[in-house]
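The block underneath contains the structure these notes are about, expressed in structure tokens.
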Amino acid sequence: MLKTLATRIGLSAVLLVLVSFLVFLLIDLAPGDAAVSLAGDNASPERIQEVREQLGLDRALPVRYVDWLAGAVHGNLGTSLSTGEPVSSVLLRTIPPTLSVVVVAVVIAVVVAMAGGTLAALKPGSLFDRLMTILASLGVAVPGFWIALVLASEFAVQRHWLPAIGYTPLADGFGPWLQHVILPSLALAALVAAELMRQLRGTLQDALRSDYVLTARAKGLRANKLVFKHALKNAAVPVITVLGVRFATVLGGTVILEAIFNLQGIGQAMLQAVLARDIPTVLGVTVFVTVVVLLTNIAIEVLHPYFNPKVRKT
Amino acid sequence: MSVSPVDADTVRAVRPQDAPARRMRARTARRFLRNKLATAGLVFLLLLVVVAIAAPLIAPFDPDAQVLVERFQPPSGAHWLGTDSLGRDILSRLIFGTRVSLIAGLEALAVAAVIGVLLGLIAGFVGRKVDSVLSLINDALMSVPGLILALAIIAVLGAGLTNSMLAVGLTMSPRFYRLTRITTRGLRNDTFIEASTAMGCSRRRIIGVHILPNVLPPLIVQATFVFASAVLAEASLSFLGLGVSPPTASWGAMLSDASERLDLSYLIWGPGVALSLSVIAFMAIGDGWRDAIGLDREDGQ
């Protein structure tokens, strides 16, 4: 277990280094002089030279990269080209809104999928089951940012039930915080909830038909206990796998939702950096998001044996 | 020259699924058409293609014509879907937006397919170090969320529809790479490949003539899903202002305009429904095709 974990962490570190190097390489391979295009139109030669030095383009690629990597390991991701703010402080400032939306979205997705998937699996072919199947198909296909626009239009702008934009820190109270976070979270949750529900319904149905459940039933175990203690625990494995696979998509989805709800999160920092072609910030955000994805995958690997005793022995 | 124990007939004989190819194709088509949802998806796709080609003939108005006195008109007999902030007819913009969606989707699909399939064939066939290096790069690309990676590439290349779709294609190439690599690996040690090698076929011929046709069916299924994602990605990036440049009508750009006036809900329904239906249609085609060729579920994950 510890050994596989160590291998996993090692591999993740390699992937991380590779990701940052590929972005570096991209800047180098981009047609034309990166400094000229990044400094913007009508930039003075001094400004271009300044950008070039900031990007370190006057030095060779490997030197520049090792320099950046050495800084990054110590938490120094350089400074923003457009505002001069350290990239690490941009990240610290923007993490809370994004984290809030993602966490609430994952909670909503899991709760909705558990409830819907379990009830659907218990009564296959029923009206509820068919309704859930249709909803799941729609959830997979309908774009999340359009769901967000519909939600914002219906519940925030036209009915004023919820605030349309902005963010209040959790420290200012749970209620206001949730009010600001709930709409983007719902939109973000749709896709994951739909996929989880499909997965859960299928696995749960298989589990309910399996020999061990039949045995338990024959021994007179109550139906509730059967579903919640035995079958659902078995169904947790694919749920966690889907969450792991989809986590990156959820993180990526925050970019557009933060733009709609004007949440000053990581996605907004990324978008503003892309529009300003602020490469240090783009690089910093990309690497940070990748770290989060890789860490989540490791965490899921660690959790896996807890839910699935079959892989525990390895 | 010595006579090889393996001749062309042997290769043909041991080659899988070669015999009644035409009958197989007819059966696949029949199976596909029996799937109502998939058939509906195909009809919808054909409809989109017709609308895109015939846009100037179908659209009631010039999609870019601004009639400022008629701005923000709700749906009416003259403007079925209403008018936007500049008094442009929304239905006409929706119709012309079909072009952007389909072309952008095809661009990204082509980029993803060329890179992914080519490298996948090489990695799967050559194996060893080449495979390890390519697969490591692939894993690295896959550990970054697609949209974030696309944004990073756009930051370097600059915004615009072509650059955006190039970026999207790059981020989606792993989906083709993984599938091609694993299928090619499975085929590499097959008897008919061995026979071709024994006959002295060049590597390029084996990959092009013998492996590629066998890899193709699952790739086509994957292509429909990638196309759906690419159309969605175009809408997302145009929504963020990184795709089409104004005044070009794109569903994503229209939604972006609409988001300025969320009190007028009729603005968001047209492009949103068009986008959702398209994605549902493409995915239904993919699902139907996958079932028709008898492939097991393939997530590309």
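Going by the structure tokens order, chains are called A, B, ..., each with residues numbered from 1, while ligands are numbered from 1 in the order shown.
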
Give me every alpha helix (DSSP H) residue in segment 51-189 of chain B, going by DSSP on the backbone, as number ranges by chain. B: 51-53, 55-58, 90-126, 128-142, 146-157, 161-188

Dump as a list in words the residues of chain B that approach chain A to within 7 Å, counting only C-alpha atoms. Ala140, Leu141, Ser143, Val144, Pro145, Gly146, Leu147, Ile148, Leu151, Ala152, Ala155, Val156, Leu157, Leu240, Ser259, Leu262, Asp263, Ser265, Gly272, Ser276, Val279 and Ile280 of chain B

Which polymer residues have any atom within 12 Å of an atom of Ser132 of chain B, counting only C-alpha atoms, with same-chain residues fewer than 3 positions away left out, as a list in words? Leu119, Gly120, Ile122, Ala123, Gly124, Val126, Gly127, Arg128, Lys129, Ser135, Leu136, Ile137, Asn138, Asp139 and Arg181 of chain B

Quick one: residues within 10 Å of segment 223-228 of chain B, only C-alpha atoms counted, chain neighbours fewer than 4 positions away excluded, as a CSV table (one decimal) with C-alpha atoms, in the first residue's frame?
```csv
chain,number,residue,atom,x,y,z
A,141,ALA,CA,-25.7,16.6,-22.6
B,101,SER,CA,-20.5,25.4,-34.6
B,102,LEU,CA,-20.1,22.8,-37.3
B,104,ALA,CA,-15.3,24.8,-35.5
B,105,GLY,CA,-16.3,21.3,-34.3
B,106,LEU,CA,-14.8,19.8,-37.5
B,107,GLU,CA,-11.6,21.8,-37.1
B,108,ALA,CA,-11.0,20.7,-33.5
B,109,LEU,CA,-12.0,17.1,-34.4
B,110,ALA,CA,-9.5,17.1,-37.3
B,112,ALA,CA,-7.4,15.9,-32.4
B,113,ALA,CA,-7.8,12.9,-34.8
B,169,GLY,CA,-8.1,19.9,-30.7
B,172,MET,CA,-8.8,16.4,-27.0
B,173,SER,CA,-6.1,14.4,-28.9
B,175,ARG,CA,-8.9,10.6,-26.4
B,176,PHE,CA,-7.9,9.4,-29.8
B,217,PRO,CA,-14.7,1.6,-36.1
B,218,PRO,CA,-14.2,2.4,-32.5
B,219,LEU,CA,-12.4,5.6,-33.5
B,232,LEU,CA,-19.5,22.7,-26.7
B,233,ALA,CA,-16.0,24.0,-26.3
B,275,LEU,CA,-26.7,23.8,-28.4
B,276,SER,CA,-28.2,21.2,-26.1
B,278,SER,CA,-26.9,19.3,-31.0
B,279,VAL,CA,-25.0,17.7,-28.2
B,280,ILE,CA,-27.8,15.3,-27.5
B,281,ALA,CA,-28.0,14.4,-31.2
B,282,PHE,CA,-24.2,13.8,-31.6
B,283,MET,CA,-24.1,11.7,-28.4
B,284,ALA,CA,-27.1,9.6,-29.6
B,285,ILE,CA,-25.4,9.0,-32.9
B,286,GLY,CA,-22.2,7.9,-31.1
B,287,ASP,CA,-24.2,5.6,-28.7
B,289,TRP,CA,-23.1,3.5,-33.7
B,299,ASP,CA,-15.8,6.1,-22.3
B,300,GLY,CA,-12.5,7.2,-23.6
```

Give me the residues within 8 Å of Leu162 of chain A as a PyMOL selection string, counting only C-alpha atoms and dropping any in the same chain fewer than 3 places off. chain A and resi 155-156+179-180
